[in-house]
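Novice: Data file work.pdb (PDB, C-alpha atoms, pLDDT in the B column) is appended below.
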```
ATOM      1  CA  MET A  67      11.351  51.138 237.830  1.00 48.00           C
ATOM      2  CA  THR A  68      14.426  50.223 239.721  1.00 43.00           C
ATOM      3  CA  THR A  69      17.191  48.153 238.238  1.00 48.00           C
ATOM      4  CA  PRO A  70      19.341  47.537 241.352  1.00 65.00           C
ATOM      5  CA  SER A  71      22.671  48.726 239.989  1.00 81.00           C
ATOM      6  CA  GLY A  72      22.155  49.430 236.325  1.00 93.00           C
ATOM      7  CA  PHE A  73      25.010  48.388 234.100  1.00 96.00           C
ATOM      8  CA  THR A  74      28.227  47.161 235.650  1.00 94.00           C
ATOM      9  CA  ARG A  75      31.448  46.005 234.135  1.00 93.00           C
ATOM     10  CA  HIS A  76      31.854  42.250 233.893  1.00 88.00           C
ATOM     11  CA  GLY A  77      35.239  41.066 232.664  1.00 84.00           C
ATOM     12  CA  ASP A  78      37.425  42.746 230.083  1.00 83.00           C
ATOM     13  CA  ASN A  79      34.889  43.535 227.368  1.00 87.00           C
ATOM     14  CA  SER A  80      31.512  42.849 228.895  1.00 93.00           C
ATOM     15  CA  PHE A  81      28.874  44.886 230.678  1.00 95.00           C
ATOM     16  CA  GLU A  82      25.765  43.553 232.322  1.00 95.00           C
ATOM     17  CA  ALA A  83      22.514  44.663 233.862  1.00 95.00           C
ATOM     18  CA  ALA A  84      19.636  42.788 235.442  1.00 94.00           C
ATOM     19  CA  PHE A  85      16.130  43.768 234.373  1.00 95.00           C
ATOM     20  CA  ALA A  86      12.818  42.887 235.940  1.00 93.00           C
ATOM     21  CA  GLN A  87      10.315  41.439 233.468  1.00 94.00           C
ATOM     22  CA  SER A  88       8.320  44.696 233.468  1.00 94.00           C
ATOM     23  CA  GLU A  89      11.477  46.700 232.699  1.00 95.00           C
ATOM     24  CA  ARG A  90      12.349  44.366 229.830  1.00 95.00           C
ATOM     25  CA  GLU A  91       8.845  44.725 228.411  1.00 96.00           C
ATOM     26  CA  VAL A  92       8.990  48.524 228.618  1.00 97.00           C
ATOM     27  CA  LEU A  93      12.385  48.641 226.889  1.00 97.00           C
ATOM     28  CA  ILE A  94      11.321  46.201 224.168  1.00 97.00           C
ATOM     29  CA  ASN A  95       8.113  48.156 223.571  1.00 98.00           C
ATOM     30  CA  LEU A  96       9.934  51.488 223.376  1.00 98.00           C
ATOM     31  CA  ALA A  97      12.585  50.062 221.037  1.00 98.00           C
ATOM     32  CA  GLU A  98       9.834  48.703 218.781  1.00 98.00           C
ATOM     33  CA  GLN A  99       8.054  52.067 218.790  1.00 97.00           C
ATOM     34  CA  LEU A 100      11.314  53.773 217.818  1.00 97.00           C
ATOM     35  CA  ILE A 101      11.840  51.299 214.972  1.00 97.00           C
ATOM     36  CA  GLU A 102       8.259  51.915 213.823  1.00 95.00           C
ATOM     37  CA  ILE A 103       8.455  55.709 213.868  1.00 95.00           C
ATOM     38  CA  LEU A 104      11.757  55.690 211.975  1.00 94.00           C
ATOM     39  CA  ALA A 105      10.168  53.427 209.351  1.00 91.00           C
ATOM     40  CA  GLU A 106       7.622  56.140 208.594  1.00 85.00           C
ATOM     41  CA  ARG A 107      10.296  58.003 206.603  1.00 76.00           C
ATOM     42  CA  ILE A 108      11.430  55.100 204.419  1.00 68.00           C
ATOM     43  CA  ASP A 109      12.647  56.183 201.009  1.00 59.00           C
ATOM     44  CA  ASP A 110      10.820  55.423 197.816  1.00 57.00           C
ATOM     45  CA  VAL A 111      12.490  52.972 195.487  1.00 52.00           C
ATOM     46  CA  HIS A 112      15.363  54.695 193.725  1.00 55.00           C
ATOM     47  CA  SER A 113      15.476  54.759 189.958  1.00 61.00           C
ATOM     48  CA  ASP A 114      19.152  55.659 190.281  1.00 62.00           C
ATOM     49  CA  PRO A 115      21.091  52.609 191.526  1.00 65.00           C
ATOM     50  CA  LEU A 116      24.072  54.742 192.591  1.00 61.00           C
ATOM     51  CA  ALA A 117      21.836  56.940 194.767  1.00 61.00           C
ATOM     52  CA  ALA A 118      20.364  53.829 196.372  1.00 61.00           C
ATOM     53  CA  MET A 119      23.808  52.331 196.932  1.00 58.00           C
ATOM     54  CA  VAL A 120      25.267  55.386 198.683  1.00 59.00           C
ATOM     55  CA  GLY A 121      22.129  56.170 200.684  1.00 58.00           C
ATOM     56  CA  ILE A 122      20.909  59.348 199.019  1.00 67.00           C
ATOM     57  CA  THR A 123      17.325  59.895 200.075  1.00 66.00           C
ATOM     58  CA  GLY A 124      14.451  61.518 198.280  1.00 67.00           C
ATOM     59  CA  HIS A 125      13.606  63.418 201.455  1.00 71.00           C
ATOM     60  CA  ASP A 126      14.878  66.965 201.401  1.00 77.00           C
ATOM     61  CA  SER A 127      12.336  68.476 203.777  1.00 82.00           C
ATOM     62  CA  PRO A 128      12.234  67.946 207.520  1.00 85.00           C
ATOM     63  CA  PRO A 129       9.716  65.480 208.957  1.00 89.00           C
ATOM     64  CA  ASP A 130       6.277  66.820 209.907  1.00 89.00           C
ATOM     65  CA  ASP A 131       6.129  64.726 213.093  1.00 93.00           C
ATOM     66  CA  ASP A 132       7.773  66.472 216.066  1.00 95.00           C
ATOM     67  CA  VAL A 133       9.389  63.275 217.346  1.00 96.00           C
ATOM     68  CA  LEU A 134      10.876  62.455 213.940  1.00 94.00           C
ATOM     69  CA  LEU A 135      12.087  66.035 213.611  1.00 93.00           C
ATOM     70  CA  ARG A 136      13.878  65.696 216.954  1.00 95.00           C
ATOM     71  CA  LEU A 137      15.420  62.385 215.890  1.00 96.00           C
ATOM     72  CA  LEU A 138      16.297  63.672 212.393  1.00 93.00           C
ATOM     73  CA  PRO A 139      16.924  67.390 212.951  1.00 94.00           C
ATOM     74  CA  ASN A 140      17.965  69.993 210.422  1.00 92.00           C
ATOM     75  CA  ALA A 141      21.735  70.284 210.233  1.00 91.00           C
ATOM     76  CA  TYR A 142      21.762  73.909 209.140  1.00 93.00           C
ATOM     77  CA  ALA A 143      19.642  76.991 209.731  1.00 93.00           C
ATOM     78  CA  ASP A 144      19.661  77.750 206.009  1.00 94.00           C
ATOM     79  CA  PRO A 145      16.818  75.703 204.434  1.00 91.00           C
ATOM     80  CA  VAL A 146      18.680  75.072 201.167  1.00 92.00           C
ATOM     81  CA  ASP A 147      21.830  73.800 202.884  1.00 93.00           C
ATOM     82  CA  SER A 148      19.757  71.779 205.326  1.00 91.00           C
ATOM     83  CA  ALA A 149      17.740  70.172 202.521  1.00 89.00           C
ATOM     84  CA  GLU A 150      20.878  69.209 200.601  1.00 88.00           C
ATOM     85  CA  PHE A 151      22.545  67.786 203.713  1.00 89.00           C
ATOM     86  CA  ARG A 152      19.386  65.829 204.585  1.00 86.00           C
ATOM     87  CA  ARG A 153      19.276  64.230 201.121  1.00 84.00           C
ATOM     88  CA  PHE A 154      22.783  62.850 201.593  1.00 84.00           C
ATOM     89  CA  THR A 155      22.607  61.796 205.256  1.00 86.00           C
ATOM     90  CA  GLU A 156      19.081  61.052 206.475  1.00 88.00           C
ATOM     91  CA  SER A 157      18.850  57.515 205.107  1.00 86.00           C
ATOM     92  CA  VAL A 158      22.085  56.437 206.798  1.00 87.00           C
ATOM     93  CA  LEU A 159      21.095  58.152 210.056  1.00 92.00           C
ATOM     94  CA  ARG A 160      17.687  56.418 210.074  1.00 92.00           C
ATOM     95  CA  ASP A 161      19.326  53.048 209.403  1.00 91.00           C
ATOM     96  CA  LYS A 162      21.803  53.554 212.238  1.00 96.00           C
ATOM     97  CA  LYS A 163      19.091  54.578 214.702  1.00 97.00           C
ATOM     98  CA  ARG A 164      16.947  51.591 213.701  1.00 97.00           C
ATOM     99  CA  ALA A 165      19.916  49.234 214.093  1.00 97.00           C
ATOM    100  CA  HIS A 166      20.579  50.578 217.594  1.00 98.00           C
ATOM    101  CA  ALA A 167      16.949  50.074 218.626  1.00 98.00           C
ATOM    102  CA  MET A 168      16.965  46.567 217.109  1.00 98.00           C
ATOM    103  CA  ALA A 169      20.115  45.759 219.113  1.00 97.00           C
ATOM    104  CA  ILE A 170      18.376  46.605 222.409  1.00 97.00           C
ATOM    105  CA  ARG A 171      15.330  44.595 221.383  1.00 97.00           C
ATOM    106  CA  SER A 172      17.440  41.627 220.325  1.00 97.00           C
ATOM    107  CA  HIS A 173      19.569  41.585 223.488  1.00 97.00           C
ATOM    108  CA  LEU A 174      16.494  41.714 225.699  1.00 96.00           C
ATOM    109  CA  LEU A 175      14.584  39.050 223.755  1.00 95.00           C
ATOM    110  CA  ASN A 176      17.577  36.710 223.505  1.00 94.00           C
ATOM    111  CA  SER A 177      18.799  36.837 227.097  1.00 90.00           C
ATOM    112  CA  GLU A 178      17.870  33.659 228.910  1.00 82.00           C
ATOM    113  CA  ASP A 179      17.238  35.241 232.280  1.00 85.00           C
ATOM    114  CA  SER A 180      16.931  38.734 233.722  1.00 88.00           C
ATOM    115  CA  LEU A 181      20.618  39.408 233.068  1.00 93.00           C
ATOM    116  CA  VAL A 182      21.630  41.134 229.835  1.00 95.00           C
ATOM    117  CA  ARG A 183      25.310  41.047 228.835  1.00 95.00           C
ATOM    118  CA  ILE A 184      26.689  43.282 226.119  1.00 96.00           C
ATOM    119  CA  ASN A 185      30.150  44.014 224.742  1.00 95.00           C
ATOM    120  CA  ARG A 186      31.733  47.415 224.081  1.00 93.00           C
ATOM    121  CA  ASP A 187      30.342  47.644 220.519  1.00 92.00           C
ATOM    122  CA  SER A 188      26.848  46.815 221.730  1.00 96.00           C
ATOM    123  CA  ALA A 189      27.213  49.387 224.507  1.00 97.00           C
ATOM    124  CA  GLY A 190      27.433  52.098 221.847  1.00 96.00           C
ATOM    125  CA  ALA A 191      24.211  50.837 220.274  1.00 97.00           C
ATOM    126  CA  TRP A 192      22.482  50.774 223.668  1.00 98.00           C
ATOM    127  CA  LEU A 193      23.612  54.321 224.449  1.00 98.00           C
ATOM    128  CA  GLY A 194      22.432  55.555 221.056  1.00 97.00           C
ATOM    129  CA  ALA A 195      19.033  53.863 221.274  1.00 98.00           C
ATOM    130  CA  MET A 196      18.421  54.943 224.870  1.00 98.00           C
ATOM    131  CA  ASN A 197      19.276  58.496 223.856  1.00 98.00           C
ATOM    132  CA  ASP A 198      16.863  58.333 220.907  1.00 98.00           C
ATOM    133  CA  ILE A 199      14.094  56.922 223.096  1.00 98.00           C
ATOM    134  CA  ARG A 200      14.679  59.691 225.649  1.00 97.00           C
ATOM    135  CA  LEU A 201      14.579  62.305 222.869  1.00 97.00           C
ATOM    136  CA  ALA A 202      11.241  60.914 221.694  1.00 97.00           C
ATOM    137  CA  LEU A 203       9.833  60.818 225.222  1.00 96.00           C
ATOM    138  CA  GLY A 204      11.179  64.317 225.839  1.00 95.00           C
ATOM    139  CA  VAL A 205       9.214  65.641 222.871  1.00 95.00           C
ATOM    140  CA  ARG A 206       6.021  64.031 224.178  1.00 94.00           C
ATOM    141  CA  LEU A 207       6.726  65.428 227.667  1.00 93.00           C
ATOM    142  CA  LYS A 208       7.624  68.849 226.212  1.00 91.00           C
ATOM    143  CA  VAL A 209      10.935  68.757 228.104  1.00 92.00           C
ATOM    144  CA  GLU A 210      12.742  72.067 227.989  1.00 85.00           C
ATOM    145  CA  GLU A 211      15.726  73.468 229.836  1.00 76.00           C
ATOM    146  CA  ASN A 212      13.802  74.380 232.992  1.00 73.00           C
ATOM    147  CA  SER A 213      10.831  72.009 232.827  1.00 80.00           C
ATOM    148  CA  HIS A 214      12.152  69.203 235.069  1.00 79.00           C
ATOM    149  CA  ASP A 215      10.839  70.865 238.238  1.00 82.00           C
ATOM    150  CA  GLN A 216       7.353  71.025 236.723  1.00 84.00           C
ATOM    151  CA  LEU A 217       7.540  67.407 235.565  1.00 87.00           C
ATOM    152  CA  GLU A 218       8.569  66.292 239.065  1.00 87.00           C
ATOM    153  CA  LEU A 219       5.307  67.789 240.354  1.00 87.00           C
ATOM    154  CA  LEU A 220       2.970  65.909 238.001  1.00 88.00           C
ATOM    155  CA  ALA A 221      -0.057  64.503 239.803  1.00 90.00           C
ATOM    156  CA  PRO A 222       0.079  60.779 240.611  1.00 90.00           C
ATOM    157  CA  ASP A 223      -2.879  60.124 238.296  1.00 91.00           C
ATOM    158  CA  ASP A 224      -1.417  62.121 235.384  1.00 91.00           C
ATOM    159  CA  PRO A 225      -0.576  59.668 232.561  1.00 89.00           C
ATOM    160  CA  MET A 226       2.527  61.705 231.749  1.00 91.00           C
ATOM    161  CA  ARG A 227       3.921  60.937 235.209  1.00 93.00           C
ATOM    162  CA  GLY A 228       4.622  57.359 234.108  1.00 93.00           C
ATOM    163  CA  VAL A 229       6.235  58.609 230.904  1.00 94.00           C
ATOM    164  CA  TYR A 230       8.419  60.927 232.969  1.00 93.00           C
ATOM    165  CA  ALA A 231       9.366  58.049 235.296  1.00 93.00           C
ATOM    166  CA  VAL A 232      10.527  56.009 232.283  1.00 96.00           C
ATOM    167  CA  TYR A 233      12.367  59.067 230.894  1.00 95.00           C
ATOM    168  CA  THR A 234      14.315  59.560 234.140  1.00 95.00           C
ATOM    169  CA  TRP A 235      14.925  55.819 234.562  1.00 96.00           C
ATOM    170  CA  LEU A 236      16.429  55.641 231.069  1.00 97.00           C
ATOM    171  CA  GLY A 237      18.671  58.590 231.920  1.00 96.00           C
ATOM    172  CA  TRP A 238      19.876  56.754 235.014  1.00 96.00           C
ATOM    173  CA  LEU A 239      20.403  53.559 232.996  1.00 97.00           C
ATOM    174  CA  GLN A 240      22.420  55.472 230.386  1.00 97.00           C
ATOM    175  CA  GLU A 241      24.524  57.013 233.133  1.00 96.00           C
ATOM    176  CA  SER A 242      25.230  53.594 234.656  1.00 96.00           C
ATOM    177  CA  LEU A 243      26.429  52.284 231.287  1.00 96.00           C
ATOM    178  CA  LEU A 244      28.622  55.344 230.779  1.00 96.00           C
ATOM    179  CA  HIS A 245      30.169  54.838 234.228  1.00 95.00           C
ATOM    180  CA  ALA A 246      30.789  51.159 233.458  1.00 94.00           C
ATOM    181  CA  LEU A 247      32.478  52.152 230.183  1.00 93.00           C
ATOM    182  CA  MET A 248      34.604  54.762 231.968  1.00 91.00           C
ATOM    183  CA  ASP A 249      35.627  52.163 234.565  1.00 78.00           C
ATOM    184  CA  ASP A 250      36.711  50.006 231.657  1.00 51.00           C
ATOM    185  CA  SER A 251      38.802  52.779 230.093  1.00 54.00           C
ATOM    186  CA  GLU A 252      40.580  53.661 233.340  1.00 53.00           C
ATOM    187  CA  GLU A 253      42.286  50.289 233.573  1.00 50.00           C
TER
END
```
Kindly transcribe the structure held in the file into structure tokens.

Specialist:
Amino acid sequence: MTTPSGFTRHGDNSFEAAFAQSEREVLINLAEQLIEILAERIDDVHSDPLAAMVGITGHDSPPDDDVLLRLLPNAYADPVDSAEFRRFTESVLRDKKRAHAMAIRSHLLNSEDSLVRINRDSAGAWLGAMNDIRLALGVRLKVEENSHDQLELLAPDDPMRGVYAVYTWLGWLQESLLHALMDDSEE
């Protein structure tokens, strides 16, 4: 996967990147998978309208799925504090992560050609969703501090090699967007 230059600044408040059709399809698919996995932890209907209004969740235990646990980690080592914090924050965090993934999906589906243009607010959503997708892929790849050398040596026919290629490509794409944002802030 090779987007020629990644994201570049275009005007005062716009950033753009050109994506091949296959790259668009991969990003849309990954965004949809992220939306789907986050939906697995949807809250039950609240009997308390105030709790529903402020986003208090019924979930006080961490997710069983490793990817969800990485996306919605414990905030504290102490299980009681972590459970209480999760009840008050997980619903809002899930909603924000879903909104970021939906933003990527929407931009890619609604662009008329290979070029995707986003503004500064959308750039934050793209960065957040790309980070979440990379976290999910990293769990599947079992990425650890010193595992990149091993992942680079995956056999060409290893199915995880393609996953690793997407993981590194997304890292490069994130970096290009960060550089475009920094170019914007230097002026």

Novice: So which residues touch stretch 180-196 of chain A within 10 Å, counting all atoms listed in the file, skipping near sequence neighbours fewer than 2 positions away, as an MDAnalysis selection string?

Specialist: chainID A and resid 73:87 89:90 93 96:97 100:101 162:171 173:178 198:202 233 236:237 239:241 243:244 246:247 250

Novice: Mind pulling up the distance from atom CA of A:Thr155 to atom CA of A:Glu106?

Specialist: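 Between atom CA of A:Glu106 and atom CA of A:Thr155 the gap works out to 16.4 Å.
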
Novice: Residues near A:Val205, anyone? I mean within 8 Å using all atoms listed in the file, not counting same-chain ones fewer than 4 positions away, as a PyMOL selection string.

Specialist: chain A and resi 132-133+136+201+209

Novice: Please compute the atom CA of A:Asp126-atom CA of A:Glu102 distance, one decimal, in Å.

Specialist: 20.6 Å

Novice: If I take atom CA of A:Leu207 and atom CA of A:Met226, how far is one from the other in Å, to one decimal?

Specialist: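 Computing it gives 6.9 Å between the two atoms.
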
Novice: In terms of the shortest atom-to-atom distance over all atoms listed in the file, which of A:Leu203, A:Tyr142, A:Asp224, A:Leu219 is closest to A:Gln99?

Specialist: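 Looking only at the distances to A:Gln99, the closest residue turns out to be A:Leu203.
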
Novice: Rank nothing, just name the residue among A:Asp131, A:Phe151, A:Trp238, A:Gly204 nearest to A:Leu217, using all atoms listed in the file.

Specialist: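 Of the candidates, the smallest distance to A:Leu217 is held by A:Gly204.
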